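Trainee: Attaching a single structure in structure tokens format; questions to follow.
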Amino acid sequence: MFAPAWTVRRRGPAPEHVETPGRCAVIGAGLAGAAVAASLARRGWHVTVFDAADRPAAGASGLPVGVLAPHVSPDDALLSRLTRAGIRATWLELERLLEEGRDWRAGGVLERRPEGDTRVPAGWSESGPNESWPASAAQLSSAGLPVDAPALWHARAGWVRPSRLIEAWLREPGIEFRGNAPVARLSRSAAGWQLWSAANQLLAEADRVVIAAGYESGSFAPELPLQPVRGQVAWGRMADDLALPATPLNGDGHLIAHVPDDEGALLWLCGATFDRDSTELAPQPNDAQANRERLKRLHPGAAATLAPAFESGKAKTWVGIRCASGDRRPLVGPLNEAGLWACTALGSRGLSFAALCAELLAAQWHGEPLPLPANLSKALGTERTAP
Ligand SMILES: Cc1cc2nc3c(=O)[nH]c(=O)nc-3n(C[C@H](O)[C@H](O)[C@H](O)COP(=O)(O)OP(=O)(O)OC[C@H]3O[C@@H](n4cnc5c(N)ncnc54)[C@H](O)[C@@H]3O)c2cc1C
């Protein structure tokens, strides 16, 4: 609790803090909803997480494995600072809840850059306190890339299986998951909020509601500027002798390999496509081809290694719908003054942003110091979309 002896001058009105944690309903059991549930449950809330699917992580967060790596720009732009803060928040949760090497790997990420552009903020180097710098010849050659390929090395980065993080968050005491429970509408009652099914059954009553329903959040919050962005990836099991880089590669597309699955086999995954305004979940052959082309540019050797998997039809396809805001930043904050909040628009960076956004929301509810400087917190706020 930040309660100094002096009078704190605020730039705007003080947000309404809750004195006593109560009942909260969260709509959506993806990275956003599970992270919010965990942050609130830790502060004493009774949280019920509703999902239309029968299990958690059934939407975009059902991605078999994802890359966790920061955005880096020479002027350390807003998005760069936000992703860095987000990854630190995620990292704490990964270390606290998951098994490294099985559920996630902390081994770093190589990011291929356009020709001539490995610029980082002044003073960033391998020996500095920062966590990204131009990749060394040794790092490039051990990934099977030409030693002069323009690339950055991200040390606080790796791969994560999103469903493992979601399951761990939902296991925290104080959280109940309710699957097969699509919420059709909300209404106000004397006690707070009521959540209704399409058949007009009362699903729950709660003091506060958080909308974390991915691109479907728009049906509860039409005022938010949300856009669905369909994405397709290819993935499969690695045969014993498949020579794929040990380090995830990022850039125009990504490649992750050596990810243990539930049966002890190893997985690879590459992608991803970006198809704005599409919510089509069926795999598209053109997108499979586009992912192969992308992989050829990212790592020609891996593309050759995986060619038989693509050609034999052994490569599997996974499709998800991202939820993006106009400025590529998440939307976290109140939707009205009566306890309806949103935590969504994690875009292509759910792993970087979910934990940070959840902590930001919970800190605001409890009048705690924010997990980010005020200007960065504002850059994530729902208030920024007000006309
Ligand atoms: C192809 C692809 C590749 C990606 N790669 C990466 C990556 O490498 N790294 C990374 O960080 N991110 C990646 N992402 C992005 C990441 O997957 C998303 O940012 C993240 O999963 C979003 O989480 P969410 O909880 O906001 O949404 P979702 O996971 O979509 O969760 C929303 C949930 O709400 C539920 N829901 C919707 N409507 C209702 C309703 N009315 N009632 C009840 N429940 C409802 C849905 O069933 C769903 O489970 C990728 C995304 C795609 C599509």
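Ordering of the structure tokens sets the chain letters (A, B, ...); residue numbers start at 1 within each chain; ligands are numbered from 1 in the order shown.
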Once you count only C-alpha atoms and all ligand atoms, which residues end up within 7 Å of ligand 1, and could you hand them over as a ChimeraX atom specification?
Mentor: /A:27-33,50-53,56-63,65-68,181-184,212-217,230-233,271-273,319-323,344-352
Trainee: Skip Ser73 (chain A) itself and residues of its chain fewer than 6 positions away, then list as a list of chain:residue names all residues within 12 Å of it, counting only C-alpha atoms.
Mentor: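 Result of the neighbour search: A:Leu79, A:Ser80, A:Arg81, A:Leu82, A:Thr83, A:Arg84, A:Arg113, A:Asp117, A:Thr118, A:Arg119, A:Val120, A:Pro121, A:Ala122, A:Trp124, A:Ser132, A:Trp133, A:Leu152.
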Trainee: According to DSSP computed on the backbone, where in region 222-313 of chain A is there strand (DSSP E)? Give the residues as a PDB file with N, CA and C atoms, in the first residue's frame.
Mentor:
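Wrote it out as selection_12.pdb, contents follow:
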```
ATOM      1  N   LEU A 226     -11.656  -3.041 -31.318  1.00  0.00           N
ATOM      2  CA  LEU A 226     -11.037  -4.366 -31.411  1.00  0.00           C
ATOM      3  C   LEU A 226     -11.110  -4.913 -32.827  1.00  0.00           C
ATOM      4  N   GLN A 227     -10.071  -5.613 -33.212  1.00  0.00           N
ATOM      5  CA  GLN A 227     -10.056  -6.203 -34.550  1.00  0.00           C
ATOM      6  C   GLN A 227      -9.579  -7.653 -34.446  1.00  0.00           C
ATOM      7  N   PRO A 228     -10.349  -8.604 -35.035  1.00  0.00           N
ATOM      8  CA  PRO A 228      -9.840  -9.976 -35.069  1.00  0.00           C
ATOM      9  C   PRO A 228      -8.732 -10.105 -36.115  1.00  0.00           C
ATOM     10  N   VAL A 229      -7.685 -10.827 -35.766  1.00  0.00           N
ATOM     11  CA  VAL A 229      -6.594 -11.080 -36.723  1.00  0.00           C
ATOM     12  C   VAL A 229      -6.309 -12.583 -36.691  1.00  0.00           C
ATOM     13  N   ARG A 230      -6.761 -13.257 -37.748  1.00  0.00           N
ATOM     14  CA  ARG A 230      -6.598 -14.707 -37.815  1.00  0.00           C
ATOM     15  C   ARG A 230      -5.126 -15.065 -38.016  1.00  0.00           C
ATOM     16  N   GLY A 231      -4.712 -16.165 -37.386  1.00  0.00           N
ATOM     17  CA  GLY A 231      -3.334 -16.634 -37.576  1.00  0.00           C
ATOM     18  C   GLY A 231      -3.301 -18.139 -37.710  1.00  0.00           C
ATOM     19  N   GLN A 232      -2.445 -18.628 -38.617  1.00  0.00           N
ATOM     20  CA  GLN A 232      -2.289 -20.076 -38.817  1.00  0.00           C
ATOM     21  C   GLN A 232      -0.817 -20.439 -38.627  1.00  0.00           C
ATOM     22  N   VAL A 233      -0.582 -21.552 -37.943  1.00  0.00           N
ATOM     23  CA  VAL A 233       0.782 -22.064 -37.790  1.00  0.00           C
ATOM     24  C   VAL A 233       0.825 -23.522 -38.244  1.00  0.00           C
ATOM     25  N   ALA A 234       2.040 -23.994 -38.524  1.00  0.00           N
ATOM     26  CA  ALA A 234       2.254 -25.418 -38.814  1.00  0.00           C
ATOM     27  C   ALA A 234       3.058 -25.987 -37.655  1.00  0.00           C
ATOM     28  N   TRP A 235       2.773 -27.225 -37.289  1.00  0.00           N
ATOM     29  CA  TRP A 235       3.553 -27.829 -36.208  1.00  0.00           C
ATOM     30  C   TRP A 235       3.522 -29.337 -36.337  1.00  0.00           C
ATOM     31  N   GLY A 236       4.397 -29.994 -35.617  1.00  0.00           N
ATOM     32  CA  GLY A 236       4.424 -31.449 -35.689  1.00  0.00           C
ATOM     33  C   GLY A 236       5.427 -32.023 -34.720  1.00  0.00           C
ATOM     34  N   ARG A 237       5.557 -33.343 -34.759  1.00  0.00           N
ATOM     35  CA  ARG A 237       6.523 -34.030 -33.913  1.00  0.00           C
ATOM     36  C   ARG A 237       7.840 -34.134 -34.640  1.00  0.00           C
ATOM     37  N   LEU A 249      13.666 -19.022 -33.104  1.00  0.00           N
ATOM     38  CA  LEU A 249      13.993 -17.917 -34.003  1.00  0.00           C
ATOM     39  C   LEU A 249      12.756 -17.081 -34.206  1.00  0.00           C
ATOM     40  N   ASN A 250      12.978 -15.770 -34.275  1.00  0.00           N
ATOM     41  CA  ASN A 250      11.884 -14.827 -34.446  1.00  0.00           C
ATOM     42  C   ASN A 250      12.266 -13.891 -35.570  1.00  0.00           C
ATOM     43  N   HIS A 254       8.272 -17.173 -37.147  1.00  0.00           N
ATOM     44  CA  HIS A 254       9.081 -17.756 -36.084  1.00  0.00           C
ATOM     45  C   HIS A 254       9.172 -19.271 -36.225  1.00  0.00           C
ATOM     46  N   LEU A 255      10.181 -19.830 -35.572  1.00  0.00           N
ATOM     47  CA  LEU A 255      10.390 -21.290 -35.558  1.00  0.00           C
ATOM     48  C   LEU A 255      10.784 -21.677 -34.140  1.00  0.00           C
ATOM     49  N   ILE A 256      10.051 -22.642 -33.594  1.00  0.00           N
ATOM     50  CA  ILE A 256      10.382 -23.151 -32.260  1.00  0.00           C
ATOM     51  C   ILE A 256      10.520 -24.663 -32.412  1.00  0.00           C
ATOM     52  N   ALA A 257      11.535 -25.252 -31.803  1.00  0.00           N
ATOM     53  CA  ALA A 257      11.690 -26.714 -31.881  1.00  0.00           C
ATOM     54  C   ALA A 257      12.152 -27.259 -30.539  1.00  0.00           C
ATOM     55  N   HIS A 258      12.188 -28.582 -30.436  1.00  0.00           N
ATOM     56  CA  HIS A 258      12.652 -29.262 -29.214  1.00  0.00           C
ATOM     57  C   HIS A 258      11.758 -28.952 -28.013  1.00  0.00           C
ATOM     58  N   VAL A 259      10.450 -28.895 -28.251  1.00  0.00           N
ATOM     59  CA  VAL A 259       9.502 -28.624 -27.164  1.00  0.00           C
ATOM     60  C   VAL A 259       8.884 -29.956 -26.726  1.00  0.00           C
ATOM     61  N   PRO A 260       9.124 -30.401 -25.490  1.00  0.00           N
ATOM     62  CA  PRO A 260       8.569 -31.699 -25.090  1.00  0.00           C
ATOM     63  C   PRO A 260       7.044 -31.665 -25.034  1.00  0.00           C
ATOM     64  N   LEU A 266       9.195 -34.717 -29.001  1.00  0.00           N
ATOM     65  CA  LEU A 266       9.562 -33.309 -29.145  1.00  0.00           C
ATOM     66  C   LEU A 266       8.768 -32.695 -30.298  1.00  0.00           C
ATOM     67  N   LEU A 267       8.358 -31.440 -30.103  1.00  0.00           N
ATOM     68  CA  LEU A 267       7.545 -30.742 -31.108  1.00  0.00           C
ATOM     69  C   LEU A 267       8.339 -29.642 -31.789  1.00  0.00           C
ATOM     70  N   TRP A 268       7.915 -29.325 -33.013  1.00  0.00           N
ATOM     71  CA  TRP A 268       8.379 -28.108 -33.682  1.00  0.00           C
ATOM     72  C   TRP A 268       7.137 -27.318 -34.077  1.00  0.00           C
ATOM     73  N   LEU A 269       7.317 -26.016 -34.277  1.00  0.00           N
ATOM     74  CA  LEU A 269       6.193 -25.169 -34.718  1.00  0.00           C
ATOM     75  C   LEU A 269       6.757 -24.001 -35.509  1.00  0.00           C
ATOM     76  N   CYS A 270       6.095 -23.646 -36.609  1.00  0.00           N
ATOM     77  CA  CYS A 270       6.499 -22.436 -37.323  1.00  0.00           C
ATOM     78  C   CYS A 270       5.273 -21.692 -37.835  1.00  0.00           C
ATOM     79  N   GLY A 271       5.410 -20.408 -37.968  1.00  0.00           N
ATOM     80  CA  GLY A 271       4.297 -19.578 -38.430  1.00  0.00           C
ATOM     81  C   GLY A 271       4.774 -18.158 -38.513  1.00  0.00           C
ATOM     82  N   ASP A 275      -4.150 -12.336 -40.776  1.00  0.00           N
ATOM     83  CA  ASP A 275      -5.262 -12.107 -41.687  1.00  0.00           C
ATOM     84  C   ASP A 275      -6.307 -11.258 -40.958  1.00  0.00           C
ATOM     85  N   ARG A 276      -6.236  -9.963 -41.217  1.00  0.00           N
ATOM     86  CA  ARG A 276      -7.098  -9.037 -40.477  1.00  0.00           C
ATOM     87  C   ARG A 276      -8.567  -9.233 -40.809  1.00  0.00           C
TER      88      ARG A 276
END
```
Trainee: Could you check the closest approach to Arg102 (chain A) for each of A:Asp261, A:His71, A:Leu298, A:Pro21 and tell me which residue wins, using only C-alpha atoms?
Mentor: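 Of A:Asp261, A:His71, A:Leu298, A:Pro21, the one nearest Arg102 (chain A), counting only C-alpha atoms, is A:Asp261.
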Trainee: From a backbone DSSP assignment, name each residue in region 142-368 of chain A labelled alpha helix (DSSP H), as a PyMOL selection string.
Mentor: chain A and resi 142+162-170+285-298+300-311+350-366
Trainee: Export N, CA and C atoms of the chosen residues as a short mmCIF file (atom, residue, chain, number, x, y, z; two decimals), in the first residue's frame?
Mentor:
```cif
data_model
loop_
_atom_site.label_atom_id
_atom_site.label_comp_id
_atom_site.auth_asym_id
_atom_site.auth_seq_id
_atom_site.Cartn_x
_atom_site.Cartn_y
_atom_site.Cartn_z
N SER A 142 25.68 -21.37 -34.14
CA SER A 142 25.12 -22.54 -33.45
C SER A 142 23.63 -22.70 -33.78
N PRO A 162 1.45 -21.98 -23.59
CA PRO A 162 0.48 -21.11 -22.91
C PRO A 162 -0.52 -21.88 -22.05
N SER A 163 -0.95 -23.08 -22.51
CA SER A 163 -1.98 -23.79 -21.75
C SER A 163 -1.46 -24.20 -20.37
N ARG A 164 -0.15 -24.45 -20.26
CA ARG A 164 0.43 -24.84 -18.96
C ARG A 164 0.36 -23.67 -17.98
N LEU A 165 0.62 -22.48 -18.49
CA LEU A 165 0.58 -21.29 -17.63
C LEU A 165 -0.87 -21.01 -17.20
N ILE A 166 -1.78 -21.18 -18.13
CA ILE A 166 -3.20 -20.93 -17.83
C ILE A 166 -3.69 -21.93 -16.78
N GLU A 167 -3.36 -23.21 -16.97
CA GLU A 167 -3.79 -24.22 -15.98
C GLU A 167 -3.24 -23.88 -14.60
N ALA A 168 -1.98 -23.46 -14.56
CA ALA A 168 -1.36 -23.15 -13.26
C ALA A 168 -2.04 -21.95 -12.61
N TRP A 169 -2.34 -20.93 -13.42
CA TRP A 169 -3.02 -19.76 -12.87
C TRP A 169 -4.39 -20.15 -12.32
N LEU A 170 -5.10 -20.98 -13.08
CA LEU A 170 -6.47 -21.32 -12.65
C LEU A 170 -6.50 -22.26 -11.43
N PRO A 285 -5.04 -23.82 -47.17
CA PRO A 285 -3.83 -24.31 -47.84
C PRO A 285 -2.88 -23.19 -48.25
N ASN A 286 -3.42 -22.04 -48.67
CA ASN A 286 -2.54 -20.93 -49.07
C ASN A 286 -1.69 -20.45 -47.89
N ASP A 287 -2.29 -20.51 -46.71
CA ASP A 287 -1.55 -20.06 -45.53
C ASP A 287 -0.47 -21.06 -45.17
N ALA A 288 -0.74 -22.35 -45.39
CA ALA A 288 0.29 -23.36 -45.13
C ALA A 288 1.49 -23.07 -46.03
N GLN A 289 1.21 -22.74 -47.29
CA GLN A 289 2.27 -22.42 -48.24
C GLN A 289 3.00 -21.15 -47.78
N ALA A 290 2.24 -20.15 -47.35
CA ALA A 290 2.86 -18.89 -46.91
C ALA A 290 3.78 -19.14 -45.72
N ASN A 291 3.39 -20.04 -44.83
CA ASN A 291 4.25 -20.34 -43.68
C ASN A 291 5.53 -21.05 -44.11
N ARG A 292 5.42 -21.90 -45.14
CA ARG A 292 6.64 -22.57 -45.65
C ARG A 292 7.58 -21.55 -46.26
N GLU A 293 7.01 -20.60 -47.01
CA GLU A 293 7.85 -19.55 -47.63
C GLU A 293 8.54 -18.72 -46.56
N ARG A 294 7.77 -18.39 -45.53
CA ARG A 294 8.31 -17.59 -44.43
C ARG A 294 9.48 -18.33 -43.76
N LEU A 295 9.29 -19.63 -43.55
CA LEU A 295 10.34 -20.43 -42.91
C LEU A 295 11.59 -20.49 -43.78
N LYS A 296 11.37 -20.55 -45.11
CA LYS A 296 12.53 -20.57 -46.02
C LYS A 296 13.38 -19.31 -45.85
N ARG A 297 12.69 -18.17 -45.66
CA ARG A 297 13.44 -16.92 -45.49
C ARG A 297 14.08 -16.85 -44.10
N LEU A 298 13.38 -17.39 -43.11
CA LEU A 298 13.87 -17.29 -41.72
C LEU A 298 15.05 -18.22 -41.48
N PRO A 300 16.62 -21.27 -43.97
CA PRO A 300 16.50 -22.17 -45.13
C PRO A 300 16.78 -23.62 -44.76
N GLY A 301 17.73 -23.85 -43.85
CA GLY A 301 18.07 -25.22 -43.48
C GLY A 301 16.89 -25.92 -42.81
N ALA A 302 16.21 -25.21 -41.93
CA ALA A 302 15.06 -25.81 -41.24
C ALA A 302 13.93 -26.07 -42.23
N ALA A 303 13.78 -25.16 -43.20
CA ALA A 303 12.73 -25.35 -44.20
C ALA A 303 13.00 -26.63 -44.99
N ALA A 304 14.27 -26.89 -45.30
CA ALA A 304 14.62 -28.12 -46.04
C ALA A 304 14.39 -29.34 -45.15
N THR A 305 14.77 -29.22 -43.88
CA THR A 305 14.60 -30.34 -42.95
C THR A 305 13.13 -30.71 -42.80
N LEU A 306 12.28 -29.68 -42.79
CA LEU A 306 10.86 -29.94 -42.54
C LEU A 306 10.07 -30.19 -43.83
N ALA A 307 10.72 -30.05 -44.99
CA ALA A 307 9.99 -30.24 -46.26
C ALA A 307 9.26 -31.59 -46.31
N PRO A 308 9.90 -32.71 -45.90
CA PRO A 308 9.17 -33.99 -45.97
C PRO A 308 7.92 -33.98 -45.08
N ALA A 309 7.99 -33.32 -43.92
CA ALA A 309 6.81 -33.28 -43.03
C ALA A 309 5.66 -32.54 -43.72
N PHE A 310 5.99 -31.45 -44.42
CA PHE A 310 4.95 -30.71 -45.14
C PHE A 310 4.41 -31.56 -46.30
N GLU A 311 5.35 -32.16 -47.04
CA GLU A 311 4.93 -32.86 -48.26
C GLU A 311 4.18 -34.16 -47.97
N GLY A 350 0.38 -12.18 -26.28
CA GLY A 350 -0.31 -12.58 -25.06
C GLY A 350 0.64 -13.00 -23.96
N LEU A 351 1.72 -13.70 -24.34
CA LEU A 351 2.66 -14.18 -23.33
C LEU A 351 3.42 -13.02 -22.70
N SER A 352 3.67 -11.98 -23.49
CA SER A 352 4.38 -10.83 -22.93
C SER A 352 3.48 -9.97 -22.06
N PHE A 353 2.19 -9.92 -22.39
CA PHE A 353 1.36 -8.90 -21.74
C PHE A 353 0.40 -9.40 -20.66
N ALA A 354 0.02 -10.69 -20.66
CA ALA A 354 -1.09 -11.10 -19.79
C ALA A 354 -0.81 -10.83 -18.30
N ALA A 355 0.36 -11.24 -17.82
CA ALA A 355 0.64 -11.11 -16.39
C ALA A 355 0.70 -9.64 -15.98
N LEU A 356 1.33 -8.83 -16.82
CA LEU A 356 1.46 -7.40 -16.51
C LEU A 356 0.09 -6.72 -16.48
N CYS A 357 -0.74 -7.02 -17.48
CA CYS A 357 -2.07 -6.39 -17.55
C CYS A 357 -2.90 -6.79 -16.33
N ALA A 358 -2.80 -8.05 -15.92
CA ALA A 358 -3.57 -8.51 -14.77
C ALA A 358 -3.11 -7.81 -13.49
N GLU A 359 -1.81 -7.67 -13.34
CA GLU A 359 -1.30 -6.98 -12.15
C GLU A 359 -1.68 -5.50 -12.16
N LEU A 360 -1.71 -4.92 -13.36
CA LEU A 360 -2.11 -3.51 -13.47
C LEU A 360 -3.57 -3.34 -13.03
N LEU A 361 -4.42 -4.23 -13.52
CA LEU A 361 -5.85 -4.15 -13.15
C LEU A 361 -6.02 -4.32 -11.64
N ALA A 362 -5.37 -5.35 -11.09
CA ALA A 362 -5.54 -5.63 -9.65
C ALA A 362 -4.97 -4.50 -8.81
N ALA A 363 -3.84 -3.94 -9.22
CA ALA A 363 -3.23 -2.84 -8.46
C ALA A 363 -4.16 -1.63 -8.47
N GLN A 364 -4.84 -1.40 -9.59
CA GLN A 364 -5.76 -0.27 -9.66
C GLN A 364 -6.95 -0.50 -8.74
N TRP A 365 -7.45 -1.72 -8.70
CA TRP A 365 -8.59 -2.01 -7.83
C TRP A 365 -8.25 -1.79 -6.36
N HIS A 366 -6.99 -2.06 -6.00
CA HIS A 366 -6.62 -2.06 -4.59
C HIS A 366 -5.84 -0.82 -4.17
#
```
Trainee: Which of these, A:Leu203, A:Leu98, A:Leu335, A:Val109, has the shortest distance to Gly218 (chain A) once you count only C-alpha atoms?
Mentor: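 Between A:Leu203, A:Leu98, A:Leu335, A:Val109, the residue approaching Gly218 (chain A) most closely is A:Leu335.
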Trainee: Can you measure CA of Leu331 (chain A) to CA of Gly158 (chain A) for me? One decimal in Å is fine.
Mentor: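 Distance reported for this atom pair: 24.7 Å.
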Trainee: Rank A:Leu94, A:Leu186, A:Leu370, A:Val49 by their smallest atom-to-atom distance to Asn200 (chain A), using only C-alpha atoms, and report the top residue only.
Mentor: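 Of all the options, A:Leu186 lies closest to Asn200 (chain A).
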Trainee: I'd like to know which of A:Pro373, A:Leu40, A:Arg112, A:Ala338 is closest to Ser187 (chain A), using only C-alpha atoms.
Mentor: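 Among A:Pro373, A:Leu40, A:Arg112, A:Ala338, it is A:Ala338 that comes nearest to Ser187 (chain A).
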